[in-house]
Protein chains: 2
Amino acid sequence: MSPLDQLMKHLARLPGLGPRSARRMVLHLLKRREAVFLPLIDAMSRAAQNVKDCSVCGNLGGADPCEICSDPGRDRSLICVVEDVADLWALERSKAYRGFYHVLGGTLSALEGVRPADLHIDKLVDRVKDSQIKEVILALNATVEGQATAHFVAERLSHTGVTISRLAHGLPVGGELDYLDDGTLTAALKARRMAG
Amino acid sequence: MSPLDQLMKHLARLPGLGPRSARRMVLHLLKRREAVFLPLIDAMSRAAQNVKDCSVCGNLGGADPCEICSDPGRDRSLICVVEDVADLWALERSKAYRGFYHVLGGTLSALEGVRPADLHIDKLVDRVKDSQIKEVILALNATVEGQATAHFVAERLSHTGVTISRLAHGLPVGGELDYLDDGTLTAALKARRMAG
């Protein structure tokens, strides 16, 4: 197989790309070798070599422990449990949270054969026991698997005496009632708060 | 800027990707360093080093002249003019054409400042003069710029005595009348052929 076909095969398997977008990308890169292609290869090589998994929380970053785990300005009493690094980054972008994180690495799933031992749950329990953590926020996705996992994690933490909380369900900011599903509407109604 | 942010910035500028899909791709790659990320970097490096521009037709491939230009089994009397390498590849995938190609490298555009000298038009005229070419097929896109460029190229070739043809307009195979634009319907009607 030619280097061209090889590269297109590799690119077409990435998430969000297919044969057509991989072809477009390859042409874009080969036409701009000096300006785009070589700097991209360089950035990839540096990321592959230098980005580290944080052995404490599971975040990806330039150091281990990561920038968040080693930040002295963070609230040491809070830990936020997320499924994936992408969720951690989403919370960081919101700038609404200043505690620590714990990345589970997925959700429990009988269908896909993901058992508790496949996720970083034991490590979370150890972290909570060994530190000044007072509250664990379960920020898992509002899917069946996410909620089942949250339930399991809460169970495992119940003997530690730590406060366990979950993200609120409700109307997304900017959301319109007419476009919301019944589940969200029901949750938003149940969790209604006094106005004013 | 960290290697992670650097890589996301580079990826987000590629065609078809944005900040969100670049993030997703980076996480996908960093979680599969050995199986996906390093082989992809390797395939990119090899393509950047080994893929050559064909000095005859403008195709991209493993050699110069390219595999098509140096194929003795091709019909030496035919040359097909396309805007871009992607168009050449599309025609090759169809397996409907067995002549040579000539990539113009774009279309004339007063708006974007693309003049005849920016396209490989002189080179095409030279090729047609110096060879056994009998027919030039103008396979340019059915856009205003594509058709204006086809007209200009035909003009430039008029003194060479070569036959000049264009792709037919009409109903795409599998297409439904109800979804077609008026221009295509008009063209398909005008170019109708006797049934049976």
# chains A, B, ... in the order shown; residues from 1 in each chain; ligands from 1
>>> interface_residues(of="chain B", to="chain A", cutoff="7 Å", atoms="only C-alpha atoms", output="number ranges by chain")
B: 2-4, 6-7, 10, 14-15, 25, 30, 33, 40-41, 43-48, 51, 61-62
>>> write_last_selection(atoms="all heavy atoms", output="compact mmCIF listing (two decimals), in the first residue's frame")
# COMPACT_ATOMS: atom_id res chain seq x y z
N SER B 2 0.85 24.57 26.31
CA SER B 2 1.24 23.18 26.57
C SER B 2 1.17 22.37 25.27
O SER B 2 0.49 22.75 24.32
CB SER B 2 0.31 22.57 27.61
OG SER B 2 -0.90 22.19 27.00
N PRO B 3 1.91 21.23 25.20
CA PRO B 3 1.88 20.39 23.98
C PRO B 3 0.44 19.97 23.63
O PRO B 3 0.10 19.82 22.47
CB PRO B 3 2.71 19.16 24.37
CG PRO B 3 3.52 19.56 25.55
CD PRO B 3 2.80 20.67 26.23
N LEU B 4 -0.38 19.80 24.67
CA LEU B 4 -1.77 19.41 24.47
C LEU B 4 -2.55 20.52 23.76
O LEU B 4 -3.24 20.29 22.76
CB LEU B 4 -2.37 19.16 25.86
CG LEU B 4 -3.50 18.19 26.02
CD1 LEU B 4 -3.15 16.83 25.47
CD2 LEU B 4 -3.85 18.06 27.50
N GLN B 6 -1.27 23.05 22.09
CA GLN B 6 -0.64 23.22 20.78
C GLN B 6 -1.27 22.28 19.76
O GLN B 6 -1.67 22.69 18.67
CB GLN B 6 0.86 22.87 20.87
CG GLN B 6 1.70 23.91 21.53
CD GLN B 6 2.30 24.86 20.52
OE1 GLN B 6 2.12 24.67 19.32
NE2 GLN B 6 2.98 25.89 20.98
N LEU B 7 -1.35 20.99 20.13
CA LEU B 7 -1.86 19.98 19.21
C LEU B 7 -3.32 20.27 18.87
O LEU B 7 -3.73 20.19 17.71
CB LEU B 7 -1.70 18.59 19.81
CG LEU B 7 -2.27 17.44 18.97
CD1 LEU B 7 -1.67 17.44 17.58
CD2 LEU B 7 -1.99 16.10 19.65
N HIS B 10 -3.54 23.10 16.37
CA HIS B 10 -3.18 22.66 15.02
C HIS B 10 -4.32 21.86 14.38
O HIS B 10 -4.69 22.08 13.23
CB HIS B 10 -1.91 21.80 15.04
CG HIS B 10 -0.65 22.60 15.07
ND1 HIS B 10 -0.13 23.20 13.96
CD2 HIS B 10 0.18 22.91 16.09
CE1 HIS B 10 0.98 23.84 14.29
NE2 HIS B 10 1.19 23.68 15.58
N LEU B 14 -7.72 22.27 10.77
CA LEU B 14 -7.83 21.41 9.59
C LEU B 14 -9.25 21.46 9.04
O LEU B 14 -10.20 21.71 9.78
CB LEU B 14 -7.45 19.98 9.94
CG LEU B 14 -5.99 19.77 10.37
CD1 LEU B 14 -5.74 18.30 10.67
CD2 LEU B 14 -5.03 20.25 9.30
N PRO B 15 -9.42 21.21 7.73
CA PRO B 15 -10.76 21.29 7.16
C PRO B 15 -11.67 20.23 7.77
O PRO B 15 -11.28 19.08 7.92
CB PRO B 15 -10.53 21.02 5.66
CG PRO B 15 -9.23 20.29 5.59
CD PRO B 15 -8.41 20.81 6.73
N MET B 25 -10.57 14.15 19.15
CA MET B 25 -9.53 13.40 18.45
C MET B 25 -8.28 13.27 19.31
O MET B 25 -7.68 12.19 19.38
CB MET B 25 -9.21 14.14 17.14
CG MET B 25 -8.44 13.29 16.16
SD MET B 25 -8.34 14.11 14.58
CE MET B 25 -9.97 13.83 13.93
N LEU B 30 -4.52 10.07 22.49
CA LEU B 30 -3.67 9.92 23.68
C LEU B 30 -4.04 8.68 24.48
O LEU B 30 -3.20 8.13 25.19
CB LEU B 30 -3.78 11.17 24.55
CG LEU B 30 -3.01 12.38 24.01
CD1 LEU B 30 -3.36 13.64 24.79
CD2 LEU B 30 -1.50 12.13 24.08
N ARG B 33 -2.05 5.44 22.52
CA ARG B 33 -0.76 5.91 22.00
C ARG B 33 -0.08 4.87 21.13
O ARG B 33 0.35 5.16 20.02
CB ARG B 33 0.16 6.31 23.15
CG ARG B 33 -0.01 7.79 23.47
CD ARG B 33 0.88 8.20 24.62
NE ARG B 33 0.02 8.77 25.65
CZ ARG B 33 0.39 9.75 26.48
NH1 ARG B 33 1.59 10.24 26.42
NH2 ARG B 33 -0.45 10.22 27.36
N LEU B 40 -0.04 6.56 13.45
CA LEU B 40 -0.53 7.69 12.64
C LEU B 40 0.60 8.70 12.38
O LEU B 40 0.78 9.17 11.25
CB LEU B 40 -1.71 8.37 13.35
CG LEU B 40 -2.19 9.68 12.72
CD1 LEU B 40 -2.76 9.43 11.32
CD2 LEU B 40 -3.25 10.35 13.59
N ILE B 41 1.36 9.02 13.44
CA ILE B 41 2.49 9.95 13.28
C ILE B 41 3.47 9.39 12.25
O ILE B 41 3.97 10.11 11.38
CB ILE B 41 3.20 10.19 14.63
CG1 ILE B 41 2.27 10.93 15.59
CG2 ILE B 41 4.49 10.98 14.44
CD1 ILE B 41 2.83 11.06 17.01
N ALA B 43 2.81 7.24 9.78
CA ALA B 43 2.22 7.30 8.43
C ALA B 43 2.28 8.72 7.88
O ALA B 43 2.53 8.94 6.69
CB ALA B 43 0.78 6.80 8.47
N MET B 44 2.08 9.71 8.77
CA MET B 44 2.14 11.11 8.34
C MET B 44 3.55 11.48 7.92
O MET B 44 3.75 12.13 6.88
CB MET B 44 1.70 12.02 9.48
CG MET B 44 0.21 12.04 9.69
SD MET B 44 -0.19 13.24 10.97
CE MET B 44 -1.74 13.85 10.32
N SER B 45 4.54 11.08 8.72
CA SER B 45 5.93 11.41 8.39
C SER B 45 6.32 10.79 7.06
O SER B 45 6.96 11.45 6.22
CB SER B 45 6.87 10.91 9.49
OG SER B 45 6.49 11.43 10.73
N ARG B 46 5.92 9.53 6.86
CA ARG B 46 6.29 8.89 5.60
C ARG B 46 5.61 9.54 4.41
O ARG B 46 6.22 9.71 3.35
CB ARG B 46 6.01 7.39 5.66
CG ARG B 46 7.25 6.65 6.22
CD ARG B 46 7.09 5.15 6.21
NE ARG B 46 6.07 4.77 7.16
CZ ARG B 46 4.97 4.10 6.88
NH1 ARG B 46 4.75 3.71 5.64
NH2 ARG B 46 4.11 3.81 7.81
N ALA B 47 4.34 9.95 4.58
CA ALA B 47 3.64 10.62 3.48
C ALA B 47 4.29 11.98 3.19
O ALA B 47 4.52 12.33 2.03
CB ALA B 47 2.17 10.79 3.82
N ALA B 48 4.61 12.73 4.25
CA ALA B 48 5.21 14.06 4.06
C ALA B 48 6.54 13.95 3.32
O ALA B 48 6.89 14.81 2.52
CB ALA B 48 5.40 14.75 5.41
N VAL B 51 5.56 11.39 -0.57
CA VAL B 51 4.56 11.70 -1.60
C VAL B 51 5.08 12.84 -2.46
O VAL B 51 5.55 13.86 -1.95
CB VAL B 51 3.20 12.04 -0.97
CG1 VAL B 51 2.22 12.46 -2.05
CG2 VAL B 51 2.65 10.82 -0.23
N GLY B 61 1.52 11.34 -5.70
CA GLY B 61 1.73 9.89 -5.66
C GLY B 61 3.12 9.56 -5.18
O GLY B 61 3.86 10.43 -4.73
N GLY B 62 3.48 8.28 -5.30
CA GLY B 62 4.75 7.82 -4.77
C GLY B 62 5.93 8.10 -5.68
O GLY B 62 7.07 7.88 -5.28
>>> select_by_dssp(residues="range 57-86 of chain B", states="strand (DSSP E)", output="list in words")
Leu60, Gly61, Leu78, Ile79, Cys80, Val81 and Val82 of chain B
>>> closest_residue(among="B:Ala142, B:Leu88, B:Ile133, B:Leu177", to="Ile68 in chain B", atoms="only C-alpha atoms")
B:Leu88
>>> atom_distance(atom1="CA of Asp87 in chain A", atom2="CA of Arg156 in chain A")
21.8 Å
>>> residues_around(residues="range 108-123 of chain B", least_positions_apart="4", cutoff="10 Å", atoms="only C-alpha atoms", output="CSV table (one decimal) with N, CA, C and O atoms, in the first residue's frame")
chain,number,residue,atom,x,y,z
B,55,SER,N,5.3,16.1,-11.9
B,55,SER,CA,5.7,17.3,-12.7
B,55,SER,C,5.0,17.3,-14.1
B,55,SER,O,5.0,18.3,-14.7
B,56,VAL,N,4.4,16.1,-14.5
B,56,VAL,CA,3.7,16.1,-15.7
B,56,VAL,C,2.2,16.5,-15.6
B,56,VAL,O,1.8,17.5,-16.2
B,57,CYS,N,1.5,15.8,-14.7
B,57,CYS,CA,0.0,16.1,-14.6
B,57,CYS,C,-0.4,16.8,-13.4
B,57,CYS,O,-1.5,17.3,-13.3
B,58,GLY,N,0.4,16.8,-12.3
B,58,GLY,CA,0.0,17.5,-11.1
B,58,GLY,C,-0.6,16.6,-10.1
B,58,GLY,O,-1.1,17.1,-9.0
B,81,VAL,N,-8.9,17.2,-18.1
B,81,VAL,CA,-8.5,18.3,-17.3
B,81,VAL,C,-9.4,18.5,-16.1
B,81,VAL,O,-10.6,18.5,-16.2
B,83,GLU,N,-9.9,20.3,-11.9
B,83,GLU,CA,-9.5,21.4,-11.1
B,83,GLU,C,-8.5,21.0,-10.1
B,83,GLU,O,-7.5,21.7,-9.8
B,102,HIS,N,-4.8,16.1,-16.4
B,102,HIS,CA,-4.0,17.3,-16.2
B,102,HIS,C,-4.7,18.1,-15.1
B,102,HIS,O,-5.9,18.5,-15.2
B,103,VAL,N,-4.0,18.3,-14.0
B,103,VAL,CA,-4.6,19.1,-12.8
B,103,VAL,C,-4.3,20.5,-13.0
B,103,VAL,O,-3.2,20.9,-13.0
B,104,LEU,N,-5.4,21.4,-13.0
B,104,LEU,CA,-5.2,22.8,-13.2
B,104,LEU,C,-4.7,23.5,-11.9
B,104,LEU,O,-4.0,24.5,-11.9
B,127,ARG,N,1.7,20.4,-23.3
B,127,ARG,CA,1.5,19.0,-23.3
B,127,ARG,C,0.7,18.6,-24.6
B,127,ARG,O,1.1,17.6,-25.2
B,128,VAL,N,-0.3,19.3,-24.9
B,128,VAL,CA,-1.2,18.9,-26.0
B,128,VAL,C,-0.4,19.1,-27.3
B,128,VAL,O,-0.5,18.2,-28.2
B,129,LYS,N,0.4,20.1,-27.4
B,129,LYS,CA,1.2,20.4,-28.7
B,129,LYS,C,2.2,19.3,-28.9
B,129,LYS,O,2.5,18.8,-30.0
B,144,VAL,N,-20.0,28.3,-11.6
B,144,VAL,CA,-19.7,29.4,-12.5
B,144,VAL,C,-18.2,29.5,-12.8
B,144,VAL,O,-17.8,29.6,-13.9
B,145,GLU,N,-17.4,29.4,-11.7
B,145,GLU,CA,-15.9,29.5,-11.9
B,145,GLU,C,-15.4,28.3,-12.7
B,145,GLU,O,-14.6,28.5,-13.6
B,146,GLY,N,-15.9,27.1,-12.5
B,146,GLY,CA,-15.5,25.9,-13.2
B,146,GLY,C,-15.8,26.1,-14.7
B,146,GLY,O,-15.0,25.8,-15.6
B,147,GLN,N,-17.0,26.6,-15.0
B,147,GLN,CA,-17.4,26.7,-16.4
B,147,GLN,C,-16.7,27.9,-17.1
B,147,GLN,O,-16.3,27.7,-18.3
B,148,ALA,N,-16.4,28.9,-16.4
B,148,ALA,CA,-15.7,30.0,-17.0
B,148,ALA,C,-14.2,29.6,-17.3
B,148,ALA,O,-13.7,29.9,-18.3
B,149,THR,N,-13.7,28.8,-16.4
B,149,THR,CA,-12.3,28.3,-16.6
B,149,THR,C,-12.3,27.3,-17.8
B,149,THR,O,-11.4,27.4,-18.6
B,150,ALA,N,-13.3,26.5,-17.9
B,150,ALA,CA,-13.4,25.5,-19.0
B,150,ALA,C,-13.4,26.3,-20.3
B,150,ALA,O,-12.8,26.0,-21.3
B,152,PHE,N,-12.3,29.3,-20.9
B,152,PHE,CA,-10.9,29.9,-21.1
B,152,PHE,C,-9.9,28.9,-21.6
B,152,PHE,O,-9.2,29.2,-22.6
B,153,VAL,N,-9.9,27.7,-21.0
B,153,VAL,CA,-9.0,26.7,-21.5
B,153,VAL,C,-9.3,26.2,-22.9
B,153,VAL,O,-8.4,26.1,-23.7
B,156,ARG,N,-7.9,28.7,-25.3
B,156,ARG,CA,-6.4,28.6,-25.4
B,156,ARG,C,-6.0,27.4,-26.2
B,156,ARG,O,-4.9,27.3,-26.7
B,157,LEU,N,-6.9,26.3,-26.3
B,157,LEU,CA,-6.5,25.1,-27.0
B,157,LEU,C,-7.0,25.1,-28.4
B,157,LEU,O,-6.7,24.2,-29.2
>>> closest_residue(among="B:Val125, B:Thr186, B:Ala195, B:Pro19", to="Val162 in chain B", atoms="only C-alpha atoms")
B:Val125
>>> residues_around(residues="Gly183 in chain A", least_positions_apart="3", cutoff="12 Å", atoms="only C-alpha atoms", output="mmCIF file with all heavy atoms, in the first residue's frame")
data_model
loop_
_atom_site.group_PDB
_atom_site.id
_atom_site.type_symbol
_atom_site.label_atom_id
_atom_site.label_comp_id
_atom_site.auth_asym_id
_atom_site.auth_seq_id
_atom_site.Cartn_x
_atom_site.Cartn_y
_atom_site.Cartn_z
ATOM 1 N N ALA A 142 -26.015 12.121 32.318
ATOM 2 C CA ALA A 142 -27.395 11.802 32.674
ATOM 3 C C ALA A 142 -27.936 10.692 31.768
ATOM 4 O O ALA A 142 -29.052 10.768 31.264
ATOM 5 C CB ALA A 142 -28.251 13.061 32.576
ATOM 6 N N THR A 143 -27.119 9.652 31.560
ATOM 7 C CA THR A 143 -27.544 8.488 30.782
ATOM 8 C C THR A 143 -27.826 7.343 31.756
ATOM 9 O O THR A 143 -27.491 7.438 32.939
ATOM 10 C CB THR A 143 -26.413 8.046 29.837
ATOM 11 O OG1 THR A 143 -25.242 7.790 30.635
ATOM 12 C CG2 THR A 143 -26.076 9.135 28.834
ATOM 13 N N HIS A 169 -30.562 18.279 37.762
ATOM 14 C CA HIS A 169 -31.231 18.162 36.463
ATOM 15 C C HIS A 169 -32.122 19.374 36.273
ATOM 16 O O HIS A 169 -32.644 19.912 37.231
ATOM 17 C CB HIS A 169 -32.141 16.927 36.429
ATOM 18 C CG HIS A 169 -31.372 15.652 36.323
ATOM 19 N ND1 HIS A 169 -30.459 15.430 35.331
ATOM 20 C CD2 HIS A 169 -31.399 14.522 37.070
ATOM 21 C CE1 HIS A 169 -29.945 14.219 35.484
ATOM 22 N NE2 HIS A 169 -30.497 13.644 36.537
ATOM 23 N N GLY A 170 -32.351 19.768 35.044
ATOM 24 C CA GLY A 170 -33.293 20.865 34.815
ATOM 25 C C GLY A 170 -33.158 21.441 33.425
ATOM 26 O O GLY A 170 -32.490 20.877 32.552
ATOM 27 N N LEU A 171 -33.809 22.572 33.244
ATOM 28 C CA LEU A 171 -33.811 23.314 31.992
ATOM 29 C C LEU A 171 -32.397 23.817 31.685
ATOM 30 O O LEU A 171 -31.811 24.515 32.509
ATOM 31 C CB LEU A 171 -34.753 24.499 32.222
ATOM 32 C CG LEU A 171 -35.267 25.361 31.103
ATOM 33 C CD1 LEU A 171 -36.107 24.529 30.142
ATOM 34 C CD2 LEU A 171 -36.119 26.481 31.695
ATOM 35 N N LEU A 177 -38.803 25.280 26.652
ATOM 36 C CA LEU A 177 -39.636 24.197 27.166
ATOM 37 C C LEU A 177 -40.106 23.268 26.061
ATOM 38 O O LEU A 177 -40.096 22.047 26.191
ATOM 39 C CB LEU A 177 -40.880 24.762 27.861
ATOM 40 C CG LEU A 177 -40.663 25.423 29.221
ATOM 41 C CD1 LEU A 177 -42.003 25.569 29.906
ATOM 42 C CD2 LEU A 177 -39.714 24.611 30.080
ATOM 43 N N TYR A 179 -38.904 22.301 23.396
ATOM 44 C CA TYR A 179 -37.949 21.376 22.791
ATOM 45 C C TYR A 179 -37.400 20.358 23.787
ATOM 46 O O TYR A 179 -36.590 19.520 23.435
ATOM 47 C CB TYR A 179 -36.775 22.157 22.177
ATOM 48 C CG TYR A 179 -37.192 22.921 20.946
ATOM 49 C CD1 TYR A 179 -37.604 24.240 21.031
ATOM 50 C CD2 TYR A 179 -37.215 22.297 19.695
ATOM 51 C CE1 TYR A 179 -38.000 24.943 19.908
ATOM 52 C CE2 TYR A 179 -37.606 22.985 18.571
ATOM 53 C CZ TYR A 179 -37.994 24.310 18.689
ATOM 54 O OH TYR A 179 -38.391 24.984 17.564
ATOM 55 N N LEU A 180 -37.847 20.449 25.062
ATOM 56 C CA LEU A 180 -37.278 19.569 26.084
ATOM 57 C C LEU A 180 -38.008 18.240 26.145
ATOM 58 O O LEU A 180 -39.217 18.161 25.911
ATOM 59 C CB LEU A 180 -37.349 20.246 27.446
ATOM 60 C CG LEU A 180 -36.174 21.141 27.803
ATOM 61 C CD1 LEU A 180 -36.346 21.611 29.234
ATOM 62 C CD2 LEU A 180 -34.857 20.411 27.660
ATOM 63 N N THR A 186 -39.949 16.886 33.798
ATOM 64 C CA THR A 186 -40.380 16.325 35.078
ATOM 65 C C THR A 186 -39.349 16.646 36.167
ATOM 66 O O THR A 186 -39.699 17.093 37.267
ATOM 67 C CB THR A 186 -40.529 14.796 34.949
ATOM 68 O OG1 THR A 186 -41.349 14.528 33.813
ATOM 69 C CG2 THR A 186 -41.166 14.191 36.183
ATOM 70 N N ALA A 187 -38.046 16.453 35.829
ATOM 71 C CA ALA A 187 -36.977 16.723 36.795
ATOM 72 C C ALA A 187 -36.944 18.196 37.174
ATOM 73 O O ALA A 187 -36.767 18.550 38.346
ATOM 74 C CB ALA A 187 -35.641 16.290 36.217
ATOM 75 N N ALA A 188 -37.135 19.086 36.171
ATOM 76 C CA ALA A 188 -37.076 20.523 36.421
ATOM 77 C C ALA A 188 -38.250 20.960 37.300
ATOM 78 O O ALA A 188 -38.117 21.850 38.149
ATOM 79 C CB ALA A 188 -37.082 21.287 35.100
ATOM 80 N N LEU A 189 -39.408 20.333 37.104
ATOM 81 C CA LEU A 189 -40.593 20.657 37.908
ATOM 82 C C LEU A 189 -40.402 20.203 39.351
ATOM 83 O O LEU A 189 -40.649 20.964 40.296
ATOM 84 C CB LEU A 189 -41.815 19.939 37.325
ATOM 85 C CG LEU A 189 -42.744 20.782 36.458
ATOM 86 C CD1 LEU A 189 -43.842 19.907 35.888
ATOM 87 C CD2 LEU A 189 -43.335 21.936 37.277
ATOM 88 N N LYS A 190 -39.937 18.955 39.503
ATOM 89 C CA LYS A 190 -39.737 18.390 40.842
ATOM 90 C C LYS A 190 -38.739 19.204 41.644
ATOM 91 O O LYS A 190 -38.887 19.374 42.853
ATOM 92 C CB LYS A 190 -39.198 16.955 40.716
ATOM 93 C CG LYS A 190 -40.284 15.898 40.665
ATOM 94 C CD LYS A 190 -39.649 14.536 40.957
ATOM 95 C CE LYS A 190 -40.582 13.402 40.585
ATOM 96 N NZ LYS A 190 -39.833 12.183 40.255
#
>>> residues_around(residues="Ser70 in chain B", least_positions_apart="5", cutoff="10 Å", atoms="only C-alpha atoms", output="JSON, numbers by chain")
{"B": [56, 63, 64, 65, 100]}
>>> write_last_selection(atoms="N, CA and C atoms", output="CSV table (one decimal), in the first residue's frame")
chain,number,residue,atom,x,y,z
B,56,VAL,N,4.4,16.1,-14.5
B,56,VAL,CA,3.7,16.1,-15.7
B,56,VAL,C,2.2,16.5,-15.6
B,63,ALA,N,5.7,8.6,-6.9
B,63,ALA,CA,6.8,8.8,-7.8
B,63,ALA,C,6.5,10.0,-8.7
B,64,ASP,N,7.5,10.5,-9.4
B,64,ASP,CA,7.4,11.6,-10.3
B,64,ASP,C,8.2,11.2,-11.6
B,65,PRO,N,7.5,11.0,-12.8
B,65,PRO,CA,6.1,11.1,-13.0
B,65,PRO,C,5.3,10.0,-12.2
B,100,PHE,N,-5.0,10.0,-19.8
B,100,PHE,CA,-4.2,10.8,-18.9
B,100,PHE,C,-5.0,11.9,-18.3
>>> atom_distance(atom1="CA of Arg93 in chain B", atom2="CA of Ala35 in chain B")
29.5 Å
>>> residues_around(residues="Leu78 in chain B", least_positions_apart="4", cutoff="9 Å", atoms="only C-alpha atoms", output="number ranges by chain")
B: 74, 98-101, 132-137
>>> select_by_dssp(residues="range 92-154 of chain A", states="helix (DSSP H, G or I)", output="number ranges by chain")
A: 92-94, 116-118, 121-129, 144-154
>>> write_last_selection(atoms="N, CA, C and O atoms", output="short mmCIF file (atom, residue, chain, number, x, y, z; two decimals), in the first residue's frame")
data_model
loop_
_atom_site.label_atom_id
_atom_site.label_comp_id
_atom_site.auth_asym_id
_atom_site.auth_seq_id
_atom_site.Cartn_x
_atom_site.Cartn_y
_atom_site.Cartn_z
N GLU A 92 -13.75 22.43 33.64
CA GLU A 92 -12.70 23.44 33.78
C GLU A 92 -13.01 24.67 32.93
O GLU A 92 -12.79 25.80 33.35
N ARG A 93 -13.52 24.42 31.69
CA ARG A 93 -13.86 25.56 30.83
C ARG A 93 -14.93 26.43 31.46
O ARG A 93 -14.97 27.63 31.25
N SER A 94 -15.86 25.80 32.21
CA SER A 94 -16.95 26.57 32.83
C SER A 94 -16.45 27.48 33.94
O SER A 94 -17.13 28.41 34.33
N PRO A 116 -16.83 -3.08 37.61
CA PRO A 116 -16.27 -2.09 38.54
C PRO A 116 -14.74 -2.10 38.55
O PRO A 116 -14.12 -1.05 38.63
N ALA A 117 -14.13 -3.30 38.41
CA ALA A 117 -12.67 -3.37 38.46
C ALA A 117 -12.02 -2.68 37.26
O ALA A 117 -10.83 -2.35 37.29
N ASP A 118 -12.79 -2.47 36.17
CA ASP A 118 -12.24 -1.80 34.99
C ASP A 118 -12.19 -0.29 35.16
O ASP A 118 -11.55 0.41 34.37
N ILE A 121 -12.49 3.01 40.56
CA ILE A 121 -13.38 3.22 41.70
C ILE A 121 -12.64 2.97 43.01
O ILE A 121 -12.72 3.76 43.95
N ASP A 122 -11.85 1.87 43.07
CA ASP A 122 -11.09 1.58 44.28
C ASP A 122 -10.16 2.73 44.61
O ASP A 122 -10.02 3.14 45.77
N LYS A 123 -9.54 3.27 43.57
CA LYS A 123 -8.61 4.38 43.74
C LYS A 123 -9.33 5.60 44.32
O LYS A 123 -8.77 6.33 45.14
N LEU A 124 -10.57 5.81 43.87
CA LEU A 124 -11.36 6.94 44.38
C LEU A 124 -11.63 6.74 45.87
O LEU A 124 -11.46 7.67 46.67
N VAL A 125 -12.04 5.51 46.24
CA VAL A 125 -12.34 5.23 47.66
C VAL A 125 -11.09 5.47 48.51
O VAL A 125 -11.15 6.11 49.56
N ASP A 126 -9.92 5.00 48.02
CA ASP A 126 -8.65 5.23 48.74
C ASP A 126 -8.36 6.72 48.89
O ASP A 126 -7.94 7.17 49.95
N ARG A 127 -8.58 7.48 47.78
CA ARG A 127 -8.30 8.91 47.83
C ARG A 127 -9.17 9.59 48.88
O ARG A 127 -8.70 10.46 49.62
N VAL A 128 -10.45 9.21 48.90
CA VAL A 128 -11.39 9.85 49.83
C VAL A 128 -11.01 9.53 51.27
O VAL A 128 -11.03 10.40 52.15
N LYS A 129 -10.59 8.28 51.52
CA LYS A 129 -10.20 7.86 52.87
C LYS A 129 -8.96 8.60 53.35
O LYS A 129 -8.84 8.96 54.51
N VAL A 144 -28.42 6.26 31.26
CA VAL A 144 -28.71 5.11 32.12
C VAL A 144 -27.41 4.60 32.74
O VAL A 144 -27.31 4.39 33.95
N GLU A 145 -26.36 4.42 31.90
CA GLU A 145 -25.09 3.90 32.40
C GLU A 145 -24.45 4.86 33.39
O GLU A 145 -23.92 4.44 34.42
N GLY A 146 -24.51 6.15 33.07
CA GLY A 146 -23.92 7.16 33.95
C GLY A 146 -24.58 7.14 35.32
O GLY A 146 -23.90 7.16 36.36
N GLN A 147 -25.91 7.06 35.33
CA GLN A 147 -26.63 7.11 36.60
C GLN A 147 -26.45 5.81 37.38
O GLN A 147 -26.33 5.84 38.60
N ALA A 148 -26.38 4.67 36.67
CA ALA A 148 -26.14 3.39 37.36
C ALA A 148 -24.75 3.41 38.00
O ALA A 148 -24.56 2.95 39.13
N THR A 149 -23.77 3.97 37.28
CA THR A 149 -22.41 4.06 37.80
C THR A 149 -22.37 4.98 39.02
O THR A 149 -21.72 4.68 40.02
N ALA A 150 -23.10 6.12 38.93
CA ALA A 150 -23.14 7.06 40.05
C ALA A 150 -23.70 6.36 41.29
O ALA A 150 -23.18 6.52 42.41
N HIS A 151 -24.75 5.57 41.09
CA HIS A 151 -25.37 4.83 42.19
C HIS A 151 -24.35 3.88 42.83
O HIS A 151 -24.20 3.82 44.04
N PHE A 152 -23.63 3.15 41.97
CA PHE A 152 -22.63 2.18 42.45
C PHE A 152 -21.52 2.88 43.23
O PHE A 152 -21.11 2.43 44.31
N VAL A 153 -21.04 4.00 42.71
CA VAL A 153 -19.94 4.73 43.36
C VAL A 153 -20.41 5.27 44.71
O VAL A 153 -19.69 5.18 45.72
N ALA A 154 -21.64 5.80 44.74
CA ALA A 154 -22.19 6.35 45.99
C ALA A 154 -22.25 5.25 47.05
O ALA A 154 -21.89 5.47 48.22
#
